[in-house]
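Everything below belongs to entry.tsv, which stores TSV, C-alpha atoms.
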```tsv
chain	number	residue	atom	x	y	z
A	1	MET	CA	4.08	-8.47	-4.05
A	2	PRO	CA	0.73	-10.07	-5.04
A	3	ALA	CA	-2.21	-7.75	-5.62
A	4	THR	CA	-4.71	-7.52	-2.78
A	5	ARG	CA	-8.46	-7.74	-3.27
A	6	GLU	CA	-8.65	-3.97	-2.83
A	7	THR	CA	-6.03	-3.18	-5.51
A	8	SER	CA	-7.42	-5.70	-8.01
A	9	ILE	CA	-11.07	-4.67	-7.81
A	10	GLU	CA	-10.80	-1.74	-10.24
A	11	PRO	CA	-9.56	-3.82	-13.22
A	12	GLU	CA	-12.26	-6.40	-12.45
A	13	ILE	CA	-14.95	-3.72	-12.54
A	14	LEU	CA	-13.62	-2.18	-15.76
A	15	SER	CA	-13.48	-5.60	-17.38
A	16	ALA	CA	-17.09	-6.35	-16.37
A	17	ILE	CA	-18.27	-2.99	-17.75
A	18	ASN	CA	-16.48	-3.55	-21.05
A	19	ARG	CA	-17.99	-7.03	-21.35
A	20	GLY	CA	-21.46	-5.76	-20.49
A	21	SER	CA	-21.58	-8.10	-17.49
A	22	ASP	CA	-23.54	-7.55	-14.30
A	23	ILE	CA	-21.55	-6.12	-11.40
A	24	VAL	CA	-22.59	-7.36	-7.97
A	25	PHE	CA	-21.58	-6.26	-4.49
A	26	VAL	CA	-22.45	-8.33	-1.43
A	27	SER	CA	-22.67	-6.56	1.92
A	28	TYR	CA	-24.02	-7.06	5.42
A	29	SER	CA	-23.60	-3.47	6.60
A	30	MET	CA	-22.61	-0.36	4.66
A	31	LEU	CA	-18.81	-0.06	4.95
A	32	ASP	CA	-16.65	2.69	3.46
A	33	LEU	CA	-14.82	0.18	1.25
A	34	THR	CA	-18.10	-1.15	-0.15
A	35	GLU	CA	-19.25	2.40	-0.85
A	36	GLU	CA	-16.00	3.19	-2.66
A	37	LYS	CA	-16.32	0.14	-4.91
A	38	ILE	CA	-19.94	0.89	-5.79
A	39	ARG	CA	-19.20	4.56	-6.43
A	40	TYR	CA	-16.27	3.63	-8.66
A	41	ALA	CA	-18.32	1.16	-10.72
A	42	LEU	CA	-21.27	3.55	-11.04
A	43	GLY	CA	-18.94	6.38	-12.06
A	44	LYS	CA	-17.32	4.31	-14.79
A	45	ILE	CA	-20.68	3.25	-16.22
A	46	LEU	CA	-21.93	6.84	-16.29
A	47	GLU	CA	-18.64	8.06	-17.76
A	48	LYS	CA	-19.10	5.64	-20.66
A	49	TYR	CA	-22.38	7.40	-21.49
A	50	GLY	CA	-21.19	10.94	-20.75
A	51	LYS	CA	-23.57	11.16	-17.77
A	52	GLU	CA	-21.09	11.91	-14.98
A	53	GLU	CA	-23.46	14.52	-13.52
A	54	LEU	CA	-25.79	11.70	-12.43
A	55	LEU	CA	-23.20	10.16	-10.12
A	56	THR	CA	-24.11	12.00	-6.91
A	57	PRO	CA	-27.92	11.55	-7.03
A	58	LEU	CA	-27.73	7.93	-8.19
A	59	PHE	CA	-25.08	7.00	-5.65
A	60	SER	CA	-27.27	8.60	-2.98
A	61	CYS	CA	-30.17	6.42	-4.17
A	62	ILE	CA	-28.04	3.30	-3.87
A	63	LYS	CA	-26.90	4.23	-0.37
A	64	GLU	CA	-30.52	4.74	0.72
A	65	LEU	CA	-31.56	1.37	-0.71
A	66	ILE	CA	-28.67	-0.48	0.91
A	67	SER	CA	-29.29	1.27	4.21
A	68	ASN	CA	-32.95	0.22	4.13
A	69	ALA	CA	-32.01	-3.38	3.33
A	70	THR	CA	-29.34	-3.71	6.02
A	71	LYS	CA	-31.61	-2.08	8.61
A	72	ALA	CA	-34.41	-4.50	7.69
A	73	ASN	CA	-32.02	-7.42	8.23
A	74	ALA	CA	-30.86	-6.00	11.56
A	75	LYS	CA	-34.47	-5.43	12.62
A	76	GLN	CA	-35.25	-9.09	11.91
A	77	ILE	CA	-32.39	-10.16	14.18
A	78	LEU	CA	-33.65	-7.83	16.91
A	79	PHE	CA	-37.00	-9.62	16.72
A	80	GLU	CA	-35.27	-13.00	16.95
A	81	GLU	CA	-33.27	-11.81	19.97
A	82	GLY	CA	-36.44	-10.63	21.70
A	83	ILE	CA	-35.27	-7.01	21.85
A	84	ILE	CA	-38.24	-6.08	19.68
A	85	ASN	CA	-41.48	-8.02	19.97
A	86	LYS	CA	-44.87	-8.08	18.29
A	87	ASP	CA	-46.53	-6.36	21.24
A	88	ASP	CA	-44.35	-3.24	20.89
A	89	THR	CA	-46.03	-0.16	19.46
A	90	ILE	CA	-44.59	1.45	16.33
A	91	MET	CA	-43.15	4.27	18.42
A	92	GLU	CA	-41.50	1.79	20.81
A	93	ILE	CA	-39.94	-0.06	17.88
A	94	VAL	CA	-38.70	3.17	16.30
A	95	LYS	CA	-37.15	4.29	19.60
A	96	LYS	CA	-35.35	0.97	20.03
A	97	LEU	CA	-34.08	1.03	16.45
A	98	LYS	CA	-32.71	4.55	16.86
A	99	ASN	CA	-30.96	3.63	20.11
A	100	ILE	CA	-29.46	0.37	18.86
A	101	LEU	CA	-28.85	0.82	15.14
A	102	ASN	CA	-26.32	3.62	15.27
A	103	GLU	CA	-23.12	3.31	13.23
A	104	GLU	CA	-21.46	0.97	15.72
A	105	GLY	CA	-24.64	-1.04	16.20
A	106	LEU	CA	-25.12	-1.52	12.47
A	107	LEU	CA	-21.60	-2.94	12.18
A	108	SER	CA	-22.32	-5.34	15.04
A	109	TYR	CA	-25.58	-6.47	13.47
A	110	GLY	CA	-23.82	-6.67	10.12
A	111	VAL	CA	-21.64	-9.42	11.59
A	112	LYS	CA	-24.74	-11.17	12.93
A	113	SER	CA	-26.44	-10.81	9.54
A	114	LYS	CA	-23.49	-12.52	7.88
A	115	LEU	CA	-23.69	-15.43	10.31
A	116	LYS	CA	-27.41	-15.75	9.56
A	117	LYS	CA	-26.82	-15.34	5.80
A	118	LEU	CA	-28.96	-12.20	5.67
A	119	SER	CA	-27.04	-10.56	2.86
A	120	THR	CA	-27.72	-7.47	0.80
A	121	ARG	CA	-26.76	-7.75	-2.87
A	122	THR	CA	-26.38	-4.68	-5.07
A	123	PHE	CA	-26.46	-5.22	-8.83
A	124	LEU	CA	-25.40	-2.70	-11.47
A	125	LYS	CA	-26.13	-3.67	-15.06
A	126	VAL	CA	-26.70	-1.99	-18.39
A	127	TYR	CA	-29.33	-3.43	-20.72
A	128	ARG	CA	-30.32	-1.71	-23.97
A	129	ASP	CA	-28.84	1.58	-22.74
A	130	ASN	CA	-30.77	1.39	-19.47
A	131	LEU	CA	-28.81	1.38	-16.23
A	132	ILE	CA	-30.51	-1.04	-13.87
A	133	ILE	CA	-29.77	-0.75	-10.17
A	134	GLU	CA	-31.15	-3.55	-8.03
A	135	VAL	CA	-30.73	-4.09	-4.30
A	136	ILE	CA	-31.87	-7.47	-2.99
A	137	ASN	CA	-32.03	-8.63	0.60
A	138	ASN	CA	-32.85	-12.05	1.98
A	139	LEU	CA	-36.07	-11.15	3.74
A	140	PRO	CA	-39.61	-11.01	2.35
A	141	LEU	CA	-42.08	-8.20	2.90
A	142	SER	CA	-45.58	-8.73	4.22
A	143	GLU	CA	-48.57	-7.57	2.17
A	144	LYS	CA	-49.15	-4.87	4.78
A	145	ASP	CA	-45.60	-3.55	4.42
A	146	MET	CA	-45.81	-3.68	0.63
A	147	LYS	CA	-49.02	-1.67	0.65
A	148	ARG	CA	-47.53	0.96	2.96
A	149	ILE	CA	-44.37	1.25	0.85
A	150	LYS	CA	-46.32	1.66	-2.40
A	151	GLU	CA	-48.49	4.34	-0.81
A	152	ARG	CA	-45.40	6.11	0.52
A	153	ILE	CA	-43.72	6.08	-2.90
A	154	GLU	CA	-46.87	7.33	-4.63
A	155	THR	CA	-47.27	10.13	-2.10
A	156	ALA	CA	-43.60	11.17	-2.35
A	157	SER	CA	-43.96	11.58	-6.11
A	158	HIS	CA	-46.11	14.68	-5.53
A	159	TYR	CA	-43.38	16.58	-3.66
A	160	ASP	CA	-40.18	18.34	-4.68
A	161	SER	CA	-38.16	18.05	-1.46
A	162	ILE	CA	-37.79	15.47	1.29
A	163	ALA	CA	-38.22	18.16	3.97
A	164	GLU	CA	-41.57	19.25	2.52
A	165	PHE	CA	-42.67	15.63	2.15
A	166	TYR	CA	-41.74	14.58	5.67
A	167	MET	CA	-43.26	17.66	7.29
A	168	GLU	CA	-46.62	16.89	5.72
A	169	ASN	CA	-46.43	13.09	5.91
A	170	PRO	CA	-44.86	12.08	9.23
A	171	ASP	CA	-44.62	8.33	9.55
A	172	PRO	CA	-42.85	6.79	12.56
A	173	ALA	CA	-42.69	3.48	10.72
A	174	ALA	CA	-40.46	5.16	8.13
A	175	GLU	CA	-37.48	4.29	10.31
A	176	GLY	CA	-37.75	0.82	8.81
A	177	MET	CA	-38.39	1.41	5.11
A	178	GLY	CA	-40.48	4.47	4.27
A	179	LEU	CA	-38.35	7.59	4.52
A	180	GLY	CA	-35.36	6.20	2.61
A	181	LEU	CA	-37.57	5.06	-0.25
A	182	SER	CA	-39.27	8.44	-0.36
A	183	MET	CA	-35.81	9.98	-0.66
A	184	VAL	CA	-35.10	7.77	-3.68
A	185	VAL	CA	-38.28	9.01	-5.38
A	186	LEU	CA	-37.26	12.64	-4.87
A	187	LEU	CA	-33.66	12.06	-5.96
A	188	LEU	CA	-34.93	10.48	-9.17
A	189	LYS	CA	-37.31	13.37	-9.70
A	190	SER	CA	-34.35	15.77	-9.44
A	191	ILE	CA	-32.79	14.12	-12.53
A	192	ASN	CA	-36.10	13.88	-14.43
A	193	VAL	CA	-36.61	10.16	-13.93
A	194	ASN	CA	-40.22	9.11	-13.35
A	195	TYR	CA	-40.95	7.52	-9.99
A	196	ARG	CA	-42.52	4.58	-11.82
A	197	ASN	CA	-38.97	3.62	-12.82
A	198	PHE	CA	-38.51	2.68	-9.16
A	199	THR	CA	-40.17	-0.49	-7.90
A	200	VAL	CA	-40.13	-2.51	-4.69
A	201	THR	CA	-41.34	-6.10	-4.89
A	202	SER	CA	-41.16	-9.23	-2.77
A	203	ASP	CA	-41.58	-12.90	-3.50
A	204	GLY	CA	-43.41	-13.15	-0.17
A	205	ALA	CA	-41.19	-15.99	0.99
A	206	ARG	CA	-37.48	-15.23	0.86
A	207	LYS	CA	-36.44	-11.97	-0.81
A	208	THR	CA	-37.24	-8.29	-1.37
A	209	TYR	CA	-36.18	-6.46	-4.54
A	210	ALA	CA	-35.70	-2.70	-4.91
A	211	ARG	CA	-35.07	-1.76	-8.54
A	212	VAL	CA	-34.32	1.53	-10.31
A	213	THR	CA	-34.17	1.84	-14.10
A	214	ILE	CA	-32.32	4.81	-15.60
A	215	PRO	CA	-32.77	5.45	-19.37
A	216	LEU	CA	-29.25	6.72	-20.06
A	217	LEU	CA	-29.99	8.09	-23.52
A	218	GLN	CA	-33.17	9.94	-22.52
A	219	ILE	CA	-32.03	12.14	-19.63
```

Show me this structure written as structure tokens.
Amino acid sequence: MPATRETSIEPEILSAINRGSDIVFVSYSMLDLTEEKIRYALGKILEKYGKEELLTPLFSCIKELISNATKANAKQILFEEGIINKDDTIMEIVKKLKNILNEEGLLSYGVKSKLKKLSTRTFLKVYRDNLIIEVINNLPLSEKDMKRIKERIETASHYDSIAEFYMENPDPAAEGMGLGLSMVVLLLKSINVNYRNFTVTSDGARKTYARVTIPLLQI
């Protein structure tokens, strides 16, 4: 019986790791199968460096970044459908997002994202003993959003727990991008990785890039 995509993915990942090639996963919503593939690839890279203890925090970082990207894509579609509009207050937008983008809703908008080619690409690559995690989605960020995100990341770097951070820095707009990125900062801090190793950039026209660099020989 011919191998299915699911049964053949592990040898492909191992081969890419051994060759030092980039590993890329394309998704439109976070599915269990996608998570399993990413976790497997990340685990094998860390195993190669004897850093298996980093699997849980780094995988959590990746999940947060993908969740932010897929929610941003879904939010864009909600604007296009007129469910969210520019006259809505932040609180109104947050309420609508919470009501619509539950697990079932995210899957539905994942299908719509695929039709509109709003993909999320997750790259894992090792360069000079640095693990580089990059999550790219096909939407730009405004200067206003970029400023808010940078401020949020900078602020989060001064805290030791997400609960403490969120209690002192409530931000209703975090439903879109802020809280998840703050979580990434604190997860990195828990494994002694400086928050400056985490960057969010946008070309202002087509894409947004969230990038984490892990110095595998220094932690």

For this session: Find the residues around A:Leu101 up to 12 Å (only C-alpha atoms counted), leave out those fewer than 2 positions away in its own chain, and share them as a PyMOL selection string.
Result: chain A and resi 29+67-68+70-75+77-78+93-99+103-110+175-176

Exercise. Given the choices A:Met167, A:Met146, A:Leu217, A:Leu58, which gets closest to A:Lys189 if the distance is worked out from all atoms listed in the file?
Worked result: A:Leu58

Problem set entry | Gap from atom CA of A:Glu81 to atom CA of A:Leu139 - Å, one decimal |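 Computing the Euclidean distance for atom CA of A:Glu81 and atom CA of A:Leu139 yields 16.5 Å.
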
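The smallest atom-to-atom distance between A:Phe25 and any of A:Leu46, A:Lys116, A:Leu124, A:Leu55, using all atoms listed in the file, is found for A:Leu124.
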
Exercise. Contacts of A:Ile162 at 12 Å or less, counting all atoms listed in the file, minus same-chain residues fewer than 2 places along, as JSON, numbers by chain?
Worked result: {"A": [153, 155, 156, 157, 158, 159, 160, 164, 165, 166, 167, 168, 169, 170, 178, 179, 180, 181, 182, 183, 184, 185, 186, 187, 188, 189, 190]}

Exercise. Quick one, how far is atom CA of A:Ile66 from atom CA of A:Gly20?
Worked result: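 These two atoms are separated by 23.2 Å.
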
Problem set entry | Shortest interatomic distance to A:Phe59 - which of A:Leu42, A:Val135, A:Leu115, A:Ile219, counting all atoms listed in the file |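 When distances to A:Phe59 are compared using all atoms listed in the file, the smallest one comes from A:Leu42.
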
For this session: Return the single residue from A:Asp88, A:Asp129, A:Glu64, A:Glu10 that is closest to A:Ala41, with distances computed using only C-alpha atoms.
Result: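 Under the stated criterion, the closest residue is A:Glu10.
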
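One finds atom CA of A:Pro57 at 29.3 Å from atom CA of A:Lys144.
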
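If all atoms listed in the file are the atoms counted, then among A:Lys117, A:Lys37, A:Arg152, A:Arg128 the closest residue to A:Glu12 is A:Lys37.
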
Please determine an axis-aligned box that encloses all atoms of stretch 10-17 of chain A listed in the file, with 6 Å added on each side, and express its centre and edge lengths in Å to one decimal as JSON.
```
{"center_x": -13.9, "center_y": -4.1, "center_z": -14.0, "size_x": 20.7, "size_y": 16.7, "size_z": 19.5}
```

Exercise. Hey, what's within 12 Å of A:Ser142 if we count only C-alpha atoms and toss same-chain stuff fewer than 6 positions away? As number ranges by chain, please?
Worked result: A: 148-149, 201-208

Exercise. Of the candidates A:Val111, A:Leu131, A:Ile191, A:Ala69, which one gets nearest to A:Ala210 if we count all atoms listed in the file?
Worked result: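 Counting all atoms listed in the file, the residue closest to A:Ala210 is A:Ala69.
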
Problem set entry | Spatial neighbours of A:Leu118, 8 Å, only C-alpha atoms, chain gap at least 4 places, as a count of residues only | 7

Problem set entry | Selection: 8 Å around A:Gly43, all atoms listed in the file, excl. self and same-chain fewer than 4 positions, as an MDAnalysis selection string | chainID A and resid 39 47 52 55

Atoms are missing here; could stretch 29-40 of chain A be completed with N, CA and C atoms and written as a PDB file, in the frame of the given file?
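Printed below is result-v4.pdb as written:
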```
ATOM      1  N   SER A  29     -23.411  -4.813   6.067  1.00  0.00           N
ATOM      2  CA  SER A  29     -23.600  -3.470   6.600  1.00  0.00           C
ATOM      3  C   SER A  29     -22.843  -2.549   5.658  1.00  0.00           C
ATOM      4  N   MET A  30     -23.204  -1.278   5.627  1.00  0.00           N
ATOM      5  CA  MET A  30     -22.610  -0.360   4.660  1.00  0.00           C
ATOM      6  C   MET A  30     -21.249   0.112   5.160  1.00  0.00           C
ATOM      7  N   LEU A  31     -20.172  -0.433   4.588  1.00  0.00           N
ATOM      8  CA  LEU A  31     -18.810  -0.060   4.950  1.00  0.00           C
ATOM      9  C   LEU A  31     -18.244   0.909   3.927  1.00  0.00           C
ATOM     10  N   ASP A  32     -17.261   1.703   4.362  1.00  0.00           N
ATOM     11  CA  ASP A  32     -16.650   2.690   3.460  1.00  0.00           C
ATOM     12  C   ASP A  32     -16.074   2.025   2.223  1.00  0.00           C
ATOM     13  N   LEU A  33     -15.435   0.858   2.392  1.00  0.00           N
ATOM     14  CA  LEU A  33     -14.820   0.180   1.250  1.00  0.00           C
ATOM     15  C   LEU A  33     -15.877  -0.258   0.240  1.00  0.00           C
ATOM     16  N   THR A  34     -17.005  -0.761   0.740  1.00  0.00           N
ATOM     17  CA  THR A  34     -18.100  -1.150  -0.150  1.00  0.00           C
ATOM     18  C   THR A  34     -18.617   0.065  -0.912  1.00  0.00           C
ATOM     19  N   GLU A  35     -18.790   1.169  -0.210  1.00  0.00           N
ATOM     20  CA  GLU A  35     -19.250   2.400  -0.850  1.00  0.00           C
ATOM     21  C   GLU A  35     -18.294   2.834  -1.952  1.00  0.00           C
ATOM     22  N   GLU A  36     -17.000   2.770  -1.674  1.00  0.00           N
ATOM     23  CA  GLU A  36     -16.000   3.190  -2.660  1.00  0.00           C
ATOM     24  C   GLU A  36     -16.081   2.345  -3.921  1.00  0.00           C
ATOM     25  N   LYS A  37     -16.246   1.043  -3.755  1.00  0.00           N
ATOM     26  CA  LYS A  37     -16.320   0.140  -4.910  1.00  0.00           C
ATOM     27  C   LYS A  37     -17.569   0.430  -5.749  1.00  0.00           C
ATOM     28  N   ILE A  38     -18.696   0.613  -5.070  1.00  0.00           N
ATOM     29  CA  ILE A  38     -19.940   0.890  -5.790  1.00  0.00           C
ATOM     30  C   ILE A  38     -19.854   2.233  -6.506  1.00  0.00           C
ATOM     31  N   ARG A  39     -19.338   3.234  -5.821  1.00  0.00           N
ATOM     32  CA  ARG A  39     -19.200   4.560  -6.430  1.00  0.00           C
ATOM     33  C   ARG A  39     -18.286   4.507  -7.644  1.00  0.00           C
ATOM     34  N   TYR A  40     -17.204   3.758  -7.538  1.00  0.00           N
ATOM     35  CA  TYR A  40     -16.270   3.630  -8.660  1.00  0.00           C
ATOM     36  C   TYR A  40     -16.956   2.985  -9.860  1.00  0.00           C
TER      37      TYR A  40
END
```
